[in-house]
file data-v9.cif (mmCIF, C-alpha atoms)
data_my_file
loop_
_atom_site.label_atom_id
_atom_site.label_comp_id
_atom_site.auth_asym_id
_atom_site.auth_seq_id
_atom_site.Cartn_x
_atom_site.Cartn_y
_atom_site.Cartn_z
CA MET A 1 -6.08 -14.37 7.55
CA ALA A 2 -3.41 -13.70 5.00
CA LYS A 3 -3.72 -10.46 3.16
CA ARG A 4 -4.12 -10.74 -0.55
CA ARG A 5 -1.45 -8.89 -2.46
CA SER A 6 -4.05 -6.48 -3.76
CA ASP A 7 -4.92 -5.55 -0.17
CA ILE A 8 -1.44 -4.51 0.72
CA GLY A 9 -1.10 -0.80 0.64
CA THR A 10 -4.79 -0.15 0.12
CA LEU A 11 -5.53 3.19 1.66
CA TYR A 12 -7.05 3.11 5.12
CA ARG A 13 -7.40 -0.67 5.37
CA GLY A 14 -5.78 -1.67 8.61
CA SER A 15 -3.70 1.46 8.63
CA PRO A 16 -3.80 3.87 11.59
CA GLY A 17 -5.53 6.40 9.36
CA GLN A 18 -8.81 4.49 9.17
CA TRP A 19 -10.33 5.92 12.33
CA SER A 20 -9.26 9.46 11.59
CA TRP A 21 -10.61 9.01 8.05
CA LEU A 22 -13.99 8.04 9.51
CA ALA A 23 -13.94 10.85 12.08
CA HIS A 24 -12.92 13.37 9.40
CA ARG A 25 -15.88 12.29 7.28
CA ILE A 26 -18.42 12.37 10.13
CA THR A 27 -17.26 15.76 11.44
CA GLY A 28 -17.23 17.17 7.90
CA ILE A 29 -20.80 16.05 7.20
CA ALA A 30 -21.96 17.37 10.58
CA VAL A 31 -20.41 20.79 9.97
CA ILE A 32 -21.77 21.29 6.44
CA LEU A 33 -25.28 20.22 7.49
CA PHE A 34 -25.13 22.71 10.35
CA LEU A 35 -23.86 25.37 7.95
CA PHE A 36 -26.99 24.95 5.80
CA ALA A 37 -29.12 25.92 8.80
CA HIS A 38 -26.68 28.52 10.06
CA VAL A 39 -26.63 30.59 6.85
CA VAL A 40 -30.42 30.79 6.99
CA ASP A 41 -30.58 31.72 10.68
CA THR A 42 -27.92 34.40 10.22
CA ALA A 43 -29.69 35.78 7.14
CA VAL A 44 -32.71 36.50 9.34
CA VAL A 45 -30.71 39.49 10.66
CA GLY A 46 -31.81 41.20 7.43
CA TRP A 47 -35.42 41.07 8.65
CA GLY A 48 -34.72 43.20 11.69
CA PRO A 49 -34.13 42.88 15.43
CA ASP A 50 -37.45 41.27 16.38
CA ALA A 51 -37.02 38.41 13.95
CA TYR A 52 -33.30 37.94 14.56
CA ASN A 53 -33.46 38.05 18.35
CA ARG A 54 -36.19 35.43 18.26
CA VAL A 55 -33.86 33.20 16.22
CA THR A 56 -30.81 33.73 18.42
CA ALA A 57 -32.88 32.92 21.50
CA VAL A 58 -32.81 29.32 20.23
CA TYR A 59 -29.03 29.36 20.64
CA HIS A 60 -29.39 30.24 24.32
CA ASN A 61 -31.21 26.98 25.05
CA PRO A 62 -28.96 24.61 27.09
CA VAL A 63 -29.62 21.59 24.86
CA VAL A 64 -28.77 23.61 21.75
CA LYS A 65 -25.64 24.82 23.55
CA LEU A 66 -24.62 21.22 24.14
CA LEU A 67 -24.97 20.59 20.41
CA GLU A 68 -22.95 23.77 19.89
CA LEU A 69 -20.12 22.29 21.95
CA GLY A 70 -20.26 19.28 19.63
CA LEU A 71 -20.11 21.62 16.64
CA VAL A 72 -17.00 23.36 17.97
CA ALA A 73 -15.41 19.96 18.60
CA ALA A 74 -16.28 18.84 15.05
CA VAL A 75 -14.78 21.97 13.46
CA LEU A 76 -11.65 21.69 15.58
CA TYR A 77 -11.14 17.98 14.92
CA HIS A 78 -11.69 18.46 11.19
CA ALA A 79 -9.21 21.37 11.16
CA ILE A 80 -6.44 19.60 13.10
CA ASN A 81 -6.87 16.33 11.22
CA GLY A 82 -6.92 18.32 7.98
CA VAL A 83 -3.49 19.72 8.81
CA LYS A 84 -2.27 16.15 9.37
CA ILE A 85 -3.68 15.10 5.98
CA MET A 86 -1.89 17.98 4.26
CA LEU A 87 1.34 17.11 6.05
CA PHE A 88 1.14 13.53 4.72
CA ASP A 89 0.07 14.67 1.24
CA PHE A 90 2.66 17.37 0.67
CA TRP A 91 5.52 15.70 2.59
CA PRO A 92 4.91 11.94 2.08
CA ALA A 93 8.06 10.99 4.02
CA THR A 94 6.20 12.06 7.18
CA THR A 95 3.85 9.06 6.76
CA ARG A 96 6.71 7.07 8.34
CA TYR A 97 5.56 8.73 11.56
CA MET A 98 1.86 8.24 10.85
CA LYS A 99 1.13 6.58 14.18
CA PRO A 100 2.89 9.11 16.44
CA LEU A 101 1.56 11.99 14.36
CA SER A 102 -1.98 10.60 14.59
CA LEU A 103 -1.57 10.32 18.34
CA ALA A 104 -0.15 13.85 18.47
CA SER A 105 -2.98 15.41 16.45
CA THR A 106 -5.64 13.56 18.46
CA GLY A 107 -3.86 14.63 21.65
CA LEU A 108 -3.75 18.24 20.49
CA PHE A 109 -7.47 18.10 19.76
CA LEU A 110 -8.31 16.62 23.16
CA LEU A 111 -6.03 19.10 24.90
CA ALA A 112 -7.69 22.05 23.14
CA MET A 113 -11.11 20.69 24.10
CA ILE A 114 -10.31 20.95 27.81
CA PRO A 115 -10.46 24.77 28.11
CA ILE A 116 -13.18 24.95 25.45
CA THR A 117 -15.38 22.51 27.38
CA TRP A 118 -14.64 24.45 30.57
CA LEU A 119 -15.72 27.77 29.01
CA MET A 120 -18.72 26.48 27.09
CA GLY A 121 -19.69 24.13 29.89
CA GLN A 122 -20.17 27.08 32.25
CA SER A 123 -22.43 28.70 29.68
CA ILE A 124 -24.41 25.47 29.23
CA LEU A 125 -24.87 25.00 32.97
CA GLY A 126 -25.72 28.68 33.35
CA SER A 127 -28.47 28.43 30.73
CA ALA A 128 -29.79 25.28 32.38
CA GLY A 129 -30.02 27.22 35.67
CA LEU A 130 -27.51 24.91 37.33
CA LEU A 131 -24.83 27.50 37.90
CA MET B 1 0.85 -38.56 -1.49
CA ALA B 2 1.07 -34.94 -2.31
CA VAL B 3 2.74 -32.82 0.26
CA GLU B 4 0.83 -29.65 0.82
CA THR B 5 3.08 -26.76 0.16
CA HIS B 6 2.56 -23.41 1.73
CA GLU B 7 3.37 -20.63 -0.57
CA HIS B 8 4.60 -17.57 1.15
CA PRO B 9 3.94 -14.38 -0.68
CA PRO B 10 6.97 -12.16 -1.04
CA THR B 11 7.45 -9.95 1.97
CA PRO B 12 5.76 -6.66 1.16
CA THR B 13 7.81 -3.55 1.53
CA ARG B 14 4.77 -1.87 3.03
CA VAL B 15 3.29 -3.85 5.86
CA PRO B 16 -0.35 -2.96 6.51
CA GLY B 17 -0.56 -1.33 9.87
CA ASP B 18 2.79 0.37 10.01
CA GLY B 19 1.33 3.39 8.30
CA PHE B 20 4.27 4.33 6.13
CA LEU B 21 2.96 4.91 2.64
CA GLY B 22 6.30 5.13 0.88
CA TYR B 23 7.85 8.25 -0.50
CA ARG B 24 5.08 8.75 -3.06
CA GLY B 25 2.58 9.09 -0.25
CA ARG B 26 -1.18 8.72 -0.39
CA GLU B 27 -3.04 8.25 -3.62
CA ARG B 28 -4.13 11.40 -5.32
CA PRO B 29 -6.20 12.02 -8.46
CA ALA B 30 -4.17 11.62 -11.65
CA GLY B 31 -5.40 14.82 -13.22
CA GLY B 32 -8.33 16.79 -14.57
CA PHE B 33 -11.21 18.04 -12.45
CA GLU B 34 -10.56 15.64 -9.59
CA LEU B 35 -7.00 16.89 -9.18
CA TRP B 36 -8.19 20.51 -9.08
CA SER B 37 -10.83 19.45 -6.57
CA TRP B 38 -8.12 17.74 -4.48
CA LEU B 39 -5.98 20.87 -4.59
CA PHE B 40 -8.91 23.17 -3.82
CA MET B 41 -9.83 21.17 -0.70
CA ARG B 42 -6.31 21.70 0.64
CA ILE B 43 -5.95 25.38 -0.26
CA SER B 44 -9.42 26.24 1.04
CA GLY B 45 -8.64 24.04 4.04
CA VAL B 46 -5.68 26.22 4.99
CA LEU B 47 -7.79 29.37 4.63
CA LEU B 48 -10.67 27.84 6.59
CA LEU B 49 -8.19 26.91 9.29
CA VAL B 50 -8.03 30.64 10.03
CA LEU B 51 -11.53 31.71 8.92
CA ALA B 52 -13.61 28.87 10.39
CA VAL B 53 -11.60 28.08 13.51
CA GLY B 54 -11.25 31.82 14.22
CA HIS B 55 -14.99 32.31 13.70
CA VAL B 56 -15.89 29.41 15.97
CA LEU B 57 -13.54 30.54 18.75
CA ILE B 58 -14.70 34.18 18.61
CA MET B 59 -18.41 33.52 18.25
CA HIS B 60 -18.88 30.35 20.29
CA VAL B 61 -16.10 30.01 22.85
CA LEU B 62 -14.50 33.26 23.96
CA ASP B 63 -16.06 36.27 25.66
CA GLU B 64 -19.39 34.60 26.61
CA GLY B 65 -19.84 32.96 23.21
CA VAL B 66 -23.33 33.03 21.74
CA ASP B 67 -24.83 34.49 24.91
CA ARG B 68 -23.83 37.95 23.68
CA VAL B 69 -24.96 37.47 20.08
CA ASP B 70 -28.08 39.39 19.16
CA PHE B 71 -29.13 41.98 16.58
CA GLY B 72 -27.06 44.72 18.18
CA PHE B 73 -23.98 42.51 18.28
CA VAL B 74 -24.23 41.71 14.57
CA ALA B 75 -24.92 45.36 13.72
CA ALA B 76 -21.79 46.45 15.60
CA ARG B 77 -19.68 43.64 14.16
CA TRP B 78 -20.76 44.25 10.59
CA GLY B 79 -20.06 47.93 11.07
CA SER B 80 -16.55 46.86 10.16
CA PRO B 81 -15.85 45.96 6.51
CA PHE B 82 -13.16 43.61 7.81
CA TRP B 83 -15.68 41.32 9.52
CA ARG B 84 -18.11 41.53 6.59
CA ALA B 85 -15.28 40.41 4.27
CA TRP B 86 -14.27 37.68 6.75
CA ASP B 87 -17.81 36.36 7.01
CA TRP B 88 -18.37 36.46 3.25
CA ALA B 89 -15.08 34.64 2.54
CA LEU B 90 -16.04 32.09 5.19
CA LEU B 91 -19.49 31.68 3.63
CA VAL B 92 -18.13 31.07 0.13
CA LEU B 93 -15.19 28.83 1.04
CA ALA B 94 -17.10 26.77 3.60
CA LEU B 95 -20.00 26.18 1.20
CA ILE B 96 -17.75 25.07 -1.69
CA HIS B 97 -15.45 23.03 0.58
CA GLY B 98 -18.37 21.39 2.35
CA ILE B 99 -20.48 20.65 -0.72
CA ASN B 100 -17.47 19.31 -2.60
CA GLY B 101 -16.85 17.10 0.43
CA LEU B 102 -20.43 15.89 0.25
CA ARG B 103 -19.90 15.11 -3.45
CA VAL B 104 -16.98 12.86 -2.52
CA VAL B 105 -19.03 11.15 0.20
CA VAL B 106 -21.97 10.70 -2.19
CA GLN B 107 -19.58 9.10 -4.69
CA ASP B 108 -18.80 6.45 -2.07
CA TYR B 109 -22.29 5.65 -0.87
CA VAL B 110 -24.77 6.50 -3.63
CA ARG B 111 -23.95 4.05 -6.41
CA TRP B 112 -26.95 4.32 -8.75
CA PRO B 113 -26.14 7.11 -11.26
CA GLY B 114 -29.65 8.59 -11.26
CA ALA B 115 -29.81 8.84 -7.49
CA ARG B 116 -26.26 10.17 -7.32
CA PHE B 117 -27.10 12.90 -9.83
CA ALA B 118 -30.26 13.81 -7.92
CA VAL B 119 -28.52 13.96 -4.52
CA ASN B 120 -25.64 16.02 -5.91
CA MET B 121 -28.04 18.43 -7.62
CA LEU B 122 -29.94 18.83 -4.37
CA PHE B 123 -26.75 19.84 -2.54
CA TYR B 124 -25.58 22.11 -5.37
CA SER B 125 -28.96 23.84 -5.39
CA ILE B 126 -28.93 24.32 -1.62
CA GLY B 127 -25.39 25.69 -1.92
CA PHE B 128 -26.34 28.13 -4.67
CA VAL B 129 -29.40 29.43 -2.83
CA LEU B 130 -27.43 29.86 0.41
CA PHE B 131 -24.59 31.57 -1.46
CA VAL B 132 -27.02 34.11 -2.94
CA LEU B 133 -28.91 34.60 0.34
CA GLY B 134 -25.74 34.98 2.41
CA THR B 135 -24.07 37.29 -0.09
CA VAL B 136 -27.08 39.60 -0.33
CA ILE B 137 -27.40 39.81 3.46
CA VAL B 138 -23.68 40.35 4.13
CA PHE B 139 -23.43 43.18 1.63
CA THR B 140 -26.83 44.87 2.01
CA PHE B 141 -27.42 44.62 5.78
CA ASP B 142 -28.03 48.12 7.09
CA PRO B 143 -28.96 48.44 10.78
CA SER B 144 -29.94 52.11 10.33
CA ARG B 145 -33.23 50.79 8.89
CA TRP B 146 -34.10 49.95 12.50
CA PRO B 147 -33.15 53.11 14.40
CA GLY B 148 -32.36 52.80 18.08
CA THR B 149 -31.69 49.08 18.03
CA ALA B 150 -28.01 48.88 17.20
#

call {"tool": "encode", "arguments": {"input": "data-v9.cif", "output": "structure tokens"}}
result
Amino acid sequence: MAKRRSDIGTLYRGSPGQWSWLAHRITGIAVILFLFAHVVDTAVVGWGPDAYNRVTAVYHNPVVKLLELGLVAAVLYHAINGVKIMLFDFWPATTRYMKPLSLASTGLFLLAMIPITWLMGQSILGSAGLL
Amino acid sequence: MAVETHEHPPTPTRVPGDGFLGYRGRERPAGGFELWSWLFMRISGVLLLVLAVGHVLIMHVLDEGVDRVDFGFVAARWGSPFWRAWDWALLVLALIHGINGLRVVVQDYVRWPGARFAVNMLFYSIGFVLFVLGTVIVFTFDPSRWPGTA
């Protein structure tokens, strides 16, 4: 289907940025919703060791640790993609290389997730009694 | 009989899909509050790159991650004003950055003005309460109130 003239150049429509735009949004929402809970659970430290250690015990549960791995991935993706956004926004000429730069930032994210998954994975399996 | 003519639109200089957005780059707000918001997201983003990514790596990935986090760990860590300042800066910047992000998302998906106002107010209220709670705890936490535990 032919693009209408008004479609041409519309941000994120058919451009390589659309998937990273979506991922940026999803990871951002996930992180801020976790932060709401995290500020409260950390604040419990002000009620003393009994209360706080009961709260942190939740974080030692293997299923929660799996979610924690997802949280780390979300923060990291959002951070790396955010750098890419700033690159495009402050140096627009770099959008000429949008596709390779999108591949590079996604590659950097995936590469960083390898050792992180290795380290956190051991902790997850350990908590599950599988290691 | 009329011959059907196919009109070809002029070749666009920016072909959808090639990604290049021209030398003026992506759209940005023209001015006012939205431009300050745009700028804030990027400045706080750079700071959070250090504060949030550093926090996540230290607390969740390296050196046994959350397995070592308990009351004693926090007491020792917040014995240093450096980490208290780090955590407070992270608290403030992440809350504003995140809730402003939610505002932008709400703008896209919540179209009815009354509902949009209500949803935004809910997030602003949560943000304010968490800012107060977090600030009080970061600056008043004193493990000596529980002797022998830290």

call {"tool": "residues_around", "arguments": {"input": "data-v9.cif", "residues": "Leu62 (chain B)", "least_positions_apart": "5", "cutoff": "9 Å", "atoms": "all atoms listed in the file", "output": "NGL selection string"}}
result
(:A and (116 or 119-120)) or (:B and (56-57))

call {"tool": "closest_atom_pairs", "arguments": {"input": "data-v9.cif", "of": "region 31-126 of chain B", "to": "region 69-81 of chain A", "cutoff": "10 Å", "atoms": "all atoms listed in the file", "output": "tab-separated table"}}
result
residue	atom	partner	partner_atom	distance
B:Gly45	CA	A:Ala79	CA	7.6
B:Val46	CA	A:Ala79	CA	8.6
B:Leu48	CA	A:Ala79	CA	8.1
B:Leu49	CA	A:Ala79	CA	5.9
B:Val50	CA	A:Ala79	CA	9.4
B:Ala52	CA	A:Val75	CA	7.6
B:Val53	CA	A:Leu76	CA	6.7
B:Val56	CA	A:Val72	CA	6.5
B:Leu57	CA	A:Val72	CA	8.0
B:His60	CA	A:Val72	CA	7.6
B:Val61	CA	A:Val72	CA	8.3

call {"tool": "interface_residues", "arguments": {"input": "data-v9.cif", "of": "chain A", "to": "chain B", "cutoff": "7 Å", "atoms": "all atoms listed in the file", "output": "JSON list (two decimals) with C-alpha atoms, keeping the file's coordinate frame"}}
result
[["chain", "number", "residue", "atom", "x", "y", "z"],
["A", 8, "ILE", "CA", -1.44, -4.51, 0.72],
["A", 9, "GLY", "CA", -1.10, -0.80, 0.64],
["A", 14, "GLY", "CA", -5.78, -1.67, 8.61],
["A", 15, "SER", "CA", -3.70, 1.46, 8.63],
["A", 16, "PRO", "CA", -3.80, 3.87, 11.59],
["A", 29, "ILE", "CA", -20.80, 16.05, 7.20],
["A", 32, "ILE", "CA", -21.77, 21.29, 6.44],
["A", 39, "VAL", "CA", -26.63, 30.59, 6.85],
["A", 43, "ALA", "CA", -29.69, 35.78, 7.14],
["A", 45, "VAL", "CA", -30.71, 39.49, 10.66],
["A", 46, "GLY", "CA", -31.81, 41.20, 7.43],
["A", 48, "GLY", "CA", -34.72, 43.20, 11.69],
["A", 49, "PRO", "CA", -34.13, 42.88, 15.43],
["A", 52, "TYR", "CA", -33.30, 37.94, 14.56],
["A", 53, "ASN", "CA", -33.46, 38.05, 18.35],
["A", 56, "THR", "CA", -30.81, 33.73, 18.42],
["A", 59, "TYR", "CA", -29.03, 29.36, 20.64],
["A", 60, "HIS", "CA", -29.39, 30.24, 24.32],
["A", 72, "VAL", "CA", -17.00, 23.36, 17.97],
["A", 75, "VAL", "CA", -14.78, 21.97, 13.46],
["A", 76, "LEU", "CA", -11.65, 21.69, 15.58],
["A", 79, "ALA", "CA", -9.21, 21.37, 11.16],
["A", 86, "MET", "CA", -1.89, 17.98, 4.26],
["A", 88, "PHE", "CA", 1.14, 13.53, 4.72],
["A", 89, "ASP", "CA", 0.07, 14.67, 1.24],
["A", 92, "PRO", "CA", 4.91, 11.94, 2.08],
["A", 93, "ALA", "CA", 8.06, 10.99, 4.02],
["A", 95, "THR", "CA", 3.85, 9.06, 6.76],
["A", 96, "ARG", "CA", 6.71, 7.07, 8.34],
["A", 98, "MET", "CA", 1.86, 8.24, 10.85],
["A", 99, "LYS", "CA", 1.13, 6.58, 14.18],
["A", 116, "ILE", "CA", -13.18, 24.95, 25.45],
["A", 119, "LEU", "CA", -15.72, 27.77, 29.01],
["A", 120, "MET", "CA", -18.72, 26.48, 27.09]]

call {"tool": "atom_distance", "arguments": {"input": "data-v9.cif", "atom1": "CA of Leu66 (chain A)", "atom2": "CA of Leu125 (chain A)"}}
result
9.6 Å

call {"tool": "atom_distance", "arguments": {"input": "data-v9.cif", "atom1": "CA of Ser144 (chain B)", "atom2": "CA of Trp78 (chain B)"}}
result
12.1 Å

call {"tool": "closest_residue", "arguments": {"input": "data-v9.cif", "among": "A:Leu130, A:Val40, A:Leu87, A:Ile124", "to": "Val132 (chain B)", "atoms": "all atoms listed in the file"}}
result
A:Val40

call {"tool": "axis_aligned_box", "arguments": {"input": "data-v9.cif", "around": "region 65-76 of chain B", "padding_each_side": "4 Å", "output": "lines of an AutoDock Vina configuration file"}}
result
center_x = -24.5
center_y = 39.7
center_z = 19.3
size_x = 17.3
size_y = 21.5
size_z = 19.2

call {"tool": "residues_near_point", "arguments": {"input": "data-v9.cif", "point": "(-25.7, 13.0, -4.1)", "cutoff": "8 Å", "atoms": "all atoms listed in the file", "output": "mmCIF file with C-alpha atoms, in the coordinates of the input"}}
result
data_model
loop_
_atom_site.group_PDB
_atom_site.id
_atom_site.type_symbol
_atom_site.label_atom_id
_atom_site.label_comp_id
_atom_site.auth_asym_id
_atom_site.auth_seq_id
_atom_site.Cartn_x
_atom_site.Cartn_y
_atom_site.Cartn_z
ATOM 1 C CA LEU B 102 -20.430 15.890 0.250
ATOM 2 C CA ARG B 103 -19.900 15.110 -3.450
ATOM 3 C CA VAL B 106 -21.970 10.700 -2.190
ATOM 4 C CA GLN B 107 -19.580 9.100 -4.690
ATOM 5 C CA VAL B 110 -24.770 6.500 -3.630
ATOM 6 C CA ALA B 115 -29.810 8.840 -7.490
ATOM 7 C CA ARG B 116 -26.260 10.170 -7.320
ATOM 8 C CA PHE B 117 -27.100 12.900 -9.830
ATOM 9 C CA ALA B 118 -30.260 13.810 -7.920
ATOM 10 C CA VAL B 119 -28.520 13.960 -4.520
ATOM 11 C CA ASN B 120 -25.640 16.020 -5.910
ATOM 12 C CA MET B 121 -28.040 18.430 -7.620
ATOM 13 C CA LEU B 122 -29.940 18.830 -4.370
ATOM 14 C CA PHE B 123 -26.750 19.840 -2.540
#

call {"tool": "atom_distance", "arguments": {"input": "data-v9.cif", "atom1": "CA of Tyr109 (chain B)", "atom2": "CA of Ala37 (chain A)"}}
result
23.5 Å

call {"tool": "closest_residue", "arguments": {"input": "data-v9.cif", "among": "A:Ala51, A:Leu108, A:Ala23, A:Val63", "to": "Gly126 (chain A)", "atoms": "all atoms listed in the file"}}
result
A:Val63
